[in-house]
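Novice: Pasting entry-v9.txt here (compact mmCIF, C-alpha atoms and all ligand atoms):
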```
# COMPACT_ATOMS: atom_id res chain seq x y z
CA MET A 1 0.41 18.87 -23.71
CA ALA A 2 3.38 19.77 -21.57
CA ASN A 3 1.86 18.25 -18.44
CA SER A 4 1.28 14.85 -19.92
CA SER A 5 4.82 14.80 -21.20
CA ILE A 6 6.04 15.33 -17.68
CA ASN A 7 3.84 12.64 -16.30
CA LEU A 8 5.15 10.19 -18.86
CA VAL A 9 8.68 10.84 -17.79
CA LEU A 10 8.06 10.93 -14.07
CA HIS A 11 5.46 8.26 -13.69
CA GLN A 12 6.40 5.90 -16.50
CA GLY A 13 2.69 5.17 -16.96
CA SER A 14 2.60 2.72 -14.08
CA MET A 15 0.90 2.67 -10.71
CA LEU A 16 3.41 0.51 -8.89
CA PRO A 17 5.23 2.30 -6.12
CA HIS A 18 8.68 1.62 -7.50
CA GLU A 19 7.60 3.17 -10.76
CA LEU A 20 6.44 6.40 -9.19
CA PRO A 21 9.44 8.70 -8.87
CA VAL A 22 8.48 11.73 -6.87
CA ALA A 23 8.03 15.36 -7.63
CA ALA A 24 10.55 16.82 -5.26
CA VAL A 25 14.08 15.58 -5.43
CA LEU A 26 17.41 16.26 -3.83
CA GLY A 27 20.69 15.90 -5.68
CA PRO A 28 24.16 16.12 -4.20
CA SER A 29 24.33 19.87 -4.54
CA CYS A 30 20.99 21.00 -5.81
CA PHE A 31 17.39 20.11 -5.22
CA HIS A 32 14.18 20.88 -7.00
CA SER A 33 11.23 21.52 -4.75
CA PHE A 34 7.58 21.23 -5.71
CA SER A 35 4.81 21.45 -3.21
CA SER A 36 3.41 17.98 -3.96
CA THR A 37 2.57 15.46 -6.67
CA TRP A 38 -0.45 17.64 -7.27
CA ALA A 39 1.87 20.33 -8.52
CA ILE A 40 3.04 18.03 -11.24
CA THR A 41 -0.20 16.40 -12.24
CA ASN A 42 -2.04 19.66 -12.31
CA GLY A 43 0.42 21.72 -14.17
CA ALA A 44 2.37 23.62 -11.56
CA ILE A 45 5.48 22.60 -13.47
CA HIS A 46 5.20 24.32 -16.78
CA VAL A 47 7.66 22.35 -18.80
CA SER A 48 7.87 21.65 -22.41
CA PRO A 49 10.56 19.07 -23.01
CA ARG A 50 11.11 20.45 -26.48
CA ARG A 51 11.86 23.92 -25.20
CA GLY A 52 14.20 22.60 -22.52
CA ASN A 53 13.28 24.91 -19.64
CA CYS A 54 10.98 24.67 -16.68
CA SER A 55 9.47 27.17 -14.33
CA ALA A 56 9.58 24.86 -11.31
CA THR A 57 11.19 26.43 -8.29
CA CYS A 58 14.73 25.19 -8.09
CA TYR A 59 17.05 25.73 -5.14
CA CYS A 60 20.81 25.35 -5.09
CA SER A 61 22.61 24.14 -1.99
CA SER A 62 22.71 27.70 -0.72
CA PHE A 63 18.91 27.80 -1.02
CA ARG A 64 19.18 30.55 -3.66
CA LYS A 65 16.54 30.36 -6.33
CA CYS A 66 17.71 29.61 -9.84
CA THR A 67 16.23 28.21 -13.02
CA CYS A 68 16.61 24.57 -13.89
CA LYS A 69 16.87 22.72 -17.15
CA TRP A 70 14.36 20.09 -18.09
CA LYS A 71 17.01 17.49 -18.83
CA ARG A 72 18.56 18.06 -15.46
CA LEU A 73 15.19 17.63 -13.79
CA VAL A 74 14.67 14.27 -15.47
CA ARG A 75 18.14 13.09 -14.52
CA SER A 76 17.53 14.10 -10.94
CA CYS A 77 14.22 12.32 -10.83
CA SER A 78 15.73 9.06 -11.92
CA THR A 79 18.64 9.15 -9.52
CA SER A 80 17.81 11.25 -6.49
CA GLU A 81 16.21 10.03 -3.36
CA PHE A 82 14.49 12.70 -1.33
CA VAL A 83 11.10 14.32 -1.06
CA ILE A 84 10.84 17.51 0.89
CA ALA A 85 7.63 18.37 2.68
CA GLY A 86 5.91 21.25 0.92
CA ASP A 87 4.66 22.59 4.23
CA GLU A 88 7.33 24.81 5.80
CA ASN A 89 6.10 23.83 9.26
CA TYR A 90 7.92 20.53 8.76
CA GLY A 91 11.27 22.29 8.65
CA ASN A 92 12.38 21.16 5.18
CA LYS A 93 12.11 17.59 6.37
CA GLN A 94 13.75 15.33 3.85
CA VAL A 95 12.11 11.97 3.30
CA VAL A 96 13.63 9.28 1.20
CA SER A 97 11.63 8.54 -1.92
CA LEU A 98 11.53 5.35 -3.88
CA THR A 99 13.16 5.50 -7.26
CA PRO A 100 13.10 2.23 -9.24
CA ARG A 101 16.73 1.66 -8.29
CA LEU A 102 16.10 2.21 -4.61
CA TYR A 103 13.00 0.04 -4.63
CA ASP A 104 14.96 -2.78 -6.28
CA TYR A 105 17.41 -2.40 -3.43
CA VAL A 106 14.58 -2.65 -0.88
CA LEU A 107 13.31 -5.79 -2.59
CA LYS A 108 16.79 -7.29 -2.53
CA ASN A 109 16.68 -6.86 1.23
CA VAL A 110 13.40 -8.70 1.70
CA ARG A 111 13.66 -12.23 3.06
CA GLU A 112 10.97 -13.74 0.91
CA PRO A 113 10.37 -17.43 1.62
CA GLU A 114 10.82 -19.66 -1.44
CA ILE A 115 7.18 -20.77 -1.42
CA LEU A 116 6.02 -17.15 -1.54
CA ARG A 117 8.40 -16.46 -4.40
CA GLN A 118 6.91 -19.39 -6.31
CA LEU A 119 3.37 -18.17 -5.66
CA ARG A 120 4.28 -14.67 -6.76
CA GLN A 121 5.79 -16.07 -9.97
CA GLU A 122 2.77 -18.23 -10.71
CA THR A 123 0.45 -15.29 -10.08
CA ALA A 124 2.53 -12.92 -12.23
CA SER A 125 0.95 -14.17 -15.45
CA MET A 126 -2.59 -14.07 -14.02
CA ARG A 127 -5.17 -11.36 -14.40
CA GLY A 128 -5.01 -9.00 -11.43
CA SER A 129 -1.46 -9.93 -10.42
CA GLN A 130 -0.79 -6.29 -9.53
CA MET A 131 -3.29 -6.68 -6.70
CA GLN A 132 -0.93 -8.79 -4.62
CA VAL A 133 0.85 -7.08 -1.79
CA SER A 134 4.52 -6.59 -2.52
CA PRO A 135 7.15 -8.73 -0.76
CA ASP A 136 8.18 -5.80 1.45
CA GLN A 137 4.54 -5.25 2.45
CA ALA A 138 4.11 -8.93 3.23
CA GLN A 139 7.22 -8.79 5.36
CA LEU A 140 5.79 -5.86 7.32
CA LEU A 141 2.53 -7.76 7.86
CA THR A 142 4.35 -10.81 9.13
CA MET A 143 6.55 -8.69 11.37
CA LEU A 144 3.43 -7.21 12.96
CA VAL A 145 1.87 -10.64 13.41
CA GLN A 146 5.05 -11.89 15.07
CA ILE A 147 5.50 -8.85 17.32
CA LEU A 148 1.89 -9.27 18.46
CA GLY A 149 2.37 -12.97 19.01
CA ALA A 150 -0.87 -13.28 17.09
CA GLU A 151 -2.70 -16.60 17.06
CA ARG A 152 -5.99 -15.60 15.47
CA CYS A 153 -6.05 -13.55 12.28
CA ILE A 154 -8.50 -12.52 9.58
CA GLU A 155 -7.79 -11.51 6.01
CA VAL A 156 -10.38 -9.78 3.85
CA GLY A 157 -9.37 -10.19 0.19
CA VAL A 158 -7.19 -13.23 -0.47
CA TYR A 159 -6.82 -13.32 -4.27
CA THR A 160 -4.21 -16.06 -4.96
CA GLY A 161 -3.03 -16.03 -1.38
CA TYR A 162 0.25 -14.12 -1.23
CA SER A 163 -0.44 -12.09 1.92
CA SER A 164 -2.48 -14.82 3.62
CA LEU A 165 0.23 -17.41 3.00
CA ALA A 166 2.85 -15.02 4.36
CA ILE A 167 0.77 -14.63 7.53
CA ALA A 168 0.00 -18.34 7.85
CA LEU A 169 3.70 -19.16 7.55
CA VAL A 170 4.56 -17.17 10.66
CA LEU A 171 1.57 -18.24 12.77
CA PRO A 172 2.24 -20.93 15.36
CA ASP A 173 1.00 -24.41 14.52
CA SER A 174 -2.09 -23.78 16.63
CA GLY A 175 -2.68 -20.48 14.79
CA HIS A 176 -5.85 -19.72 12.88
CA LEU A 177 -6.36 -17.47 9.87
CA VAL A 178 -9.83 -16.77 8.50
CA ALA A 179 -9.31 -16.03 4.79
CA CYS A 180 -12.28 -14.28 3.10
CA GLU A 181 -12.51 -14.25 -0.68
CA ARG A 182 -15.39 -14.22 -3.14
CA ASP A 183 -13.52 -15.51 -6.19
CA ALA A 184 -13.37 -19.29 -6.24
CA LYS A 185 -10.84 -19.45 -9.08
CA SER A 186 -8.14 -17.41 -7.36
CA LEU A 187 -8.86 -19.24 -4.11
CA GLU A 188 -7.92 -22.50 -5.84
CA VAL A 189 -4.40 -21.17 -6.35
CA ALA A 190 -4.28 -19.99 -2.74
CA LYS A 191 -5.39 -23.36 -1.41
CA LYS A 192 -2.82 -25.16 -3.54
CA TYR A 193 -0.08 -23.05 -1.97
CA TYR A 194 -1.40 -23.44 1.59
CA GLN A 195 -1.14 -27.17 0.92
CA LEU A 196 2.35 -26.98 -0.58
CA ALA A 197 3.54 -24.87 2.34
CA GLY A 198 1.98 -27.22 4.89
CA VAL A 199 -0.19 -24.53 6.46
CA SER A 200 -3.68 -25.65 5.31
CA HIS A 201 -4.61 -26.64 8.84
CA LYS A 202 -4.14 -23.02 9.95
CA VAL A 203 -6.28 -21.45 7.23
CA ASP A 204 -10.06 -21.38 7.35
CA VAL A 205 -11.08 -20.35 3.82
CA LYS A 206 -14.41 -18.54 3.57
CA LEU A 207 -15.66 -18.39 -0.01
CA GLY A 208 -18.26 -15.65 -0.39
CA LEU A 209 -18.82 -12.00 0.34
CA ALA A 210 -16.53 -10.86 3.09
CA MET A 211 -19.29 -8.90 4.85
CA ASP A 212 -21.32 -12.09 5.23
CA SER A 213 -18.32 -14.03 6.52
CA LEU A 214 -17.43 -11.35 9.06
CA GLU A 215 -21.03 -11.02 10.22
CA SER A 216 -21.30 -14.76 10.73
CA LEU A 217 -18.11 -14.75 12.83
CA ILE A 218 -19.74 -12.16 15.08
CA LEU A 219 -22.99 -14.13 15.22
CA ASN A 220 -20.88 -17.14 16.12
CA GLY A 221 -19.76 -15.36 19.29
CA GLU A 222 -16.21 -14.64 18.10
CA ALA A 223 -16.20 -10.90 18.81
CA GLY A 224 -13.10 -9.75 20.66
CA SER A 225 -11.21 -12.97 19.93
CA TYR A 226 -8.90 -11.98 17.05
CA ASP A 227 -5.43 -10.49 17.28
CA PHE A 228 -4.85 -9.24 13.77
CA ALA A 229 -6.84 -8.37 10.65
CA PHE A 230 -5.82 -7.29 7.17
CA ILE A 231 -8.24 -5.48 4.84
CA ASP A 232 -7.44 -5.75 1.14
CA ALA A 233 -10.68 -6.22 -0.84
CA GLU A 234 -13.30 -3.88 -2.29
CA LYS A 235 -12.03 -0.44 -1.35
CA ARG A 236 -15.43 1.22 -1.09
CA MET A 237 -16.35 -1.33 1.57
CA ASN A 238 -13.33 -0.59 3.76
CA GLU A 239 -15.30 1.30 6.37
CA LYS A 240 -17.86 -1.50 6.71
CA TYR A 241 -15.13 -4.15 6.99
CA PHE A 242 -13.37 -1.99 9.54
CA GLU A 243 -16.46 -1.64 11.73
CA LEU A 244 -17.01 -5.40 11.81
CA LEU A 245 -13.34 -6.14 12.35
CA LEU A 246 -13.22 -3.64 15.19
CA GLN A 247 -15.77 -5.85 16.91
CA LEU A 248 -13.86 -9.02 16.12
CA VAL A 249 -10.42 -7.81 17.21
CA LYS A 250 -9.28 -7.70 20.84
CA VAL A 251 -8.20 -4.54 22.61
CA GLY A 252 -4.56 -4.14 21.60
CA GLY A 253 -5.15 -6.03 18.37
CA LEU A 254 -4.32 -4.63 14.94
CA ILE A 255 -6.30 -3.90 11.81
CA VAL A 256 -4.17 -3.10 8.77
CA ILE A 257 -5.73 -1.46 5.72
CA ASP A 258 -4.06 -1.61 2.32
CA ASN A 259 -4.10 0.95 -0.53
CA VAL A 260 -4.67 3.96 1.69
CA LEU A 261 -2.60 6.17 -0.66
CA TRP A 262 -4.45 4.89 -3.73
CA HIS A 263 -1.66 5.56 -6.21
CA GLY A 264 -1.30 9.06 -4.75
CA LYS A 265 -4.80 10.07 -5.81
CA VAL A 266 -5.98 10.65 -2.22
CA ALA A 267 -3.77 13.74 -2.07
CA ASP A 268 -5.03 15.17 -5.34
CA GLN A 269 -8.19 17.14 -4.64
CA LEU A 270 -8.98 17.26 -8.35
CA VAL A 271 -9.49 13.50 -8.30
CA TYR A 272 -12.86 12.56 -6.91
CA ASP A 273 -13.93 9.31 -8.52
CA PRO A 274 -15.98 7.16 -6.12
CA LYS A 275 -13.11 4.89 -5.04
CA THR A 276 -10.70 7.75 -4.39
CA LEU A 277 -13.37 9.68 -2.52
CA SER A 278 -14.23 6.74 -0.36
CA ILE A 279 -10.59 6.00 0.51
CA ARG A 280 -9.91 9.68 1.22
CA ASN A 281 -13.00 9.95 3.43
CA PHE A 282 -12.15 6.78 5.27
CA ASN A 283 -8.59 7.98 5.89
CA GLN A 284 -10.06 11.15 7.35
CA LYS A 285 -12.45 9.20 9.55
CA LEU A 286 -9.61 7.06 10.86
CA MET A 287 -7.69 10.22 11.74
CA GLU A 288 -10.60 11.24 13.95
CA ASP A 289 -11.45 7.80 15.31
CA GLU A 290 -10.79 7.72 19.05
CA ARG A 291 -11.27 3.97 19.19
CA VAL A 292 -7.92 3.28 17.53
CA ASP A 293 -4.32 4.45 17.44
CA ILE A 294 -3.17 4.79 13.86
CA THR A 295 -0.06 5.04 11.73
CA MET A 296 -0.12 5.52 7.97
CA VAL A 297 2.89 3.83 6.39
CA PRO A 298 3.94 4.78 2.84
CA ILE A 299 4.87 1.25 1.84
CA GLY A 300 3.52 -0.25 -1.37
CA ASP A 301 0.34 1.68 -2.11
CA GLY A 302 0.17 2.80 1.51
CA MET A 303 -0.96 0.88 4.57
CA THR A 304 -2.61 2.19 7.71
CA ILE A 305 -2.01 0.21 10.86
CA CYS A 306 -4.77 0.65 13.47
CA ARG A 307 -4.44 -0.58 17.03
CA LYS A 308 -7.67 -1.08 18.92
CA ARG A 309 -7.76 0.95 22.16
C1 LIG A 401 -6.27 -6.72 -3.77
S1 LIG A 401 -6.86 -8.34 -3.95
C2 LIG A 401 -6.20 -9.16 -2.56
C3 LIG A 401 -4.73 -9.40 -2.69
C4 LIG A 401 -4.19 -10.28 -1.59
N1 LIG A 401 -4.32 -9.67 -0.30
C5 LIG A 401 -2.73 -10.57 -1.90
O1 LIG A 401 -1.84 -9.96 -1.34
O2 LIG A 401 -2.50 -11.42 -2.78
C6 LIG A 401 -8.55 -8.14 -3.57
C7 LIG A 401 -9.35 -9.42 -3.54
O3 LIG A 401 -10.55 -9.14 -2.84
C8 LIG A 401 -11.57 -9.90 -3.41
N2 LIG A 401 -12.84 -9.24 -3.08
C9 LIG A 401 -13.32 -8.07 -3.56
N3 LIG A 401 -14.51 -7.81 -3.02
C10 LIG A 401 -14.79 -8.83 -2.17
C11 LIG A 401 -15.87 -9.13 -1.33
N4 LIG A 401 -16.92 -8.31 -1.24
N5 LIG A 401 -15.83 -10.25 -0.59
C12 LIG A 401 -14.77 -11.08 -0.67
N6 LIG A 401 -13.71 -10.86 -1.46
C13 LIG A 401 -13.71 -9.74 -2.21
C14 LIG A 401 -11.26 -9.89 -4.89
O4 LIG A 401 -11.87 -11.01 -5.52
C15 LIG A 401 -9.75 -9.96 -4.89
O5 LIG A 401 -9.29 -11.27 -5.05
```
Translate this structure into structure tokens?

Specialist:
Amino acid sequence: MANSSINLVLHQGSMLPHELPVAAVLGPSCFHSFSSTWAITNGAIHVSPRRGNCSATCYCSSFRKCTCKWKRLVRSCSTSEFVIAGDENYGNKQVVSLTPRLYDYVLKNVREPEILRQLRQETASMRGSQMQVSPDQAQLLTMLVQILGAERCIEVGVYTGYSSLAIALVLPDSGHLVACERDAKSLEVAKKYYQLAGVSHKVDVKLGLAMDSLESLILNGEAGSYDFAFIDAEKRMNEKYFELLLQLVKVGGLIVIDNVLWHGKVADQLVYDPKTLSIRNFNQKLMEDERVDITMVPIGDGMTICRKR
């Protein structure tokens, strides 16, 4: 099928952000514009690589329409760096997109502490290693924690500890991170690295279902006492975690939610599996939630930062 051929070329069969070149690209003198990823995945680009032509709308620098060659499209996708909003109301806004090369460049500009690098390497061979936040995401989390001057944090979904260790490293010595995880085996790795990094005294590991841990914090009278929370566990539970964390976090505190773009599937209305639906619905609810200020950041698989009003 022509569509799947395109997807193979553009998406490289991977869900990692740096392996997801985008559908609309800008070259030095010519750009190809598609309305969205949807246009590609659902056949708006009618390309057969064997035939060598495509019917995608292609604009030259003068904005005159022309036809484009398949090979040229592929070359552009691997080297060009812009997405253009499909909605004309955004004034042909050009947004940089992450090609593998550009994402490697971003990663080269992350100051990843050595202990985090070691943890990432140890986790790389483990089942579920793709679940870790990326180094650039971890750096954003720690930047937020530092800007806030956070002392009390909660993480929902620890896995082997990459994001929690990143947070613990920047907390003051008196800082406190409640780390909720249901999988004892991955927690063992996390605990080993908290120890190695000398931050164990800051991390309160809660083995069990995150809902239970959060509810017991509330029952323990800790509502309104946390500065920062990070949600990165069972996606269909995000709304429930959010409601509890909204009680636990202070006014002005932050709740960050990971995977809000869900490999791009949230924007594809033809995808409606339960996880995608639940993330899409939750994103919509956050848009309408007057209790928080929000910003959706297209980093990693997408993070929404919510500030409690
Ligand atoms: C995406 S991973 C977390 C990755 C981690 N934040 C990092 O950067 O390394 C999600 C984790 O949430 C845990 N998890 C899923 N559902 C959970 C639940 N109901 N309660 C506690 N942990 C849960 C999984 O066991 C898994 O380790």

Novice: Residues at most 12 Å from Glu122 of chain A, counting only C-alpha atoms, excluding those fewer than 4 positions away in the same chain, as a ChimeraX atom specification?

Specialist: /A:115-118,126-127,129,132,160-162,186,189-190,192-193

Novice: Could you give me, as a tab-separated table, every chain A residue with an atom at most 6 Å from ligand LIG 401 (chain A), plus its closest atom pair and distance in Å to one decimal, counting all atoms listed in the file, rows ordered by chain then number?

Specialist:
```
residue	atom	partner	partner_atom	distance
A:Met131	CA	A:LIG401	C1	4.2
A:Gln132	CA	A:LIG401	O2	3.6
A:Val133	CA	A:LIG401	O1	4.0
A:Gly157	CA	A:LIG401	O3	3.4
A:Val158	CA	A:LIG401	C4	4.4
A:Tyr159	CA	A:LIG401	O5	3.3
A:Thr160	CA	A:LIG401	O2	5.4
A:Gly161	CA	A:LIG401	O2	4.8
A:Tyr162	CA	A:LIG401	O2	4.2
A:Ser163	CA	A:LIG401	O1	4.1
A:Cys180	CA	A:LIG401	C12	5.5
A:Glu181	CA	A:LIG401	N6	3.7
A:Arg182	CA	A:LIG401	C12	4.0
A:Asp183	CA	A:LIG401	O4	4.8
A:Gly208	CA	A:LIG401	C12	5.8
A:Leu209	CA	A:LIG401	N5	3.6
A:Ala210	CA	A:LIG401	N5	3.8
A:Asp232	CA	A:LIG401	C1	5.1
A:Ala233	CA	A:LIG401	O3	3.5
A:Glu234	CA	A:LIG401	N3	4.2
```

Novice: So how far away is atom CA of Gly300 of chain A from atom CA of Ile257 of chain A, in Å?

Specialist: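 Straight-line distance from atom CA of Ile257 of chain A to atom CA of Gly300 of chain A works out to 11.7 Å.
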
Novice: Which residues are near segment 275-289 of chain A? Cut-off 12 Å, only C-alpha atoms, ignore same chain within fewer than 4 positions. Put them as a count of residues only.

Specialist: 40

Novice: Could you pull the residues within 8 Å of Arg152 of chain A, counting only C-alpha atoms, minus those fewer than 4 positions along the same chain, as a ChimeraX atom specification?

Specialist: /A:175-177,225-228
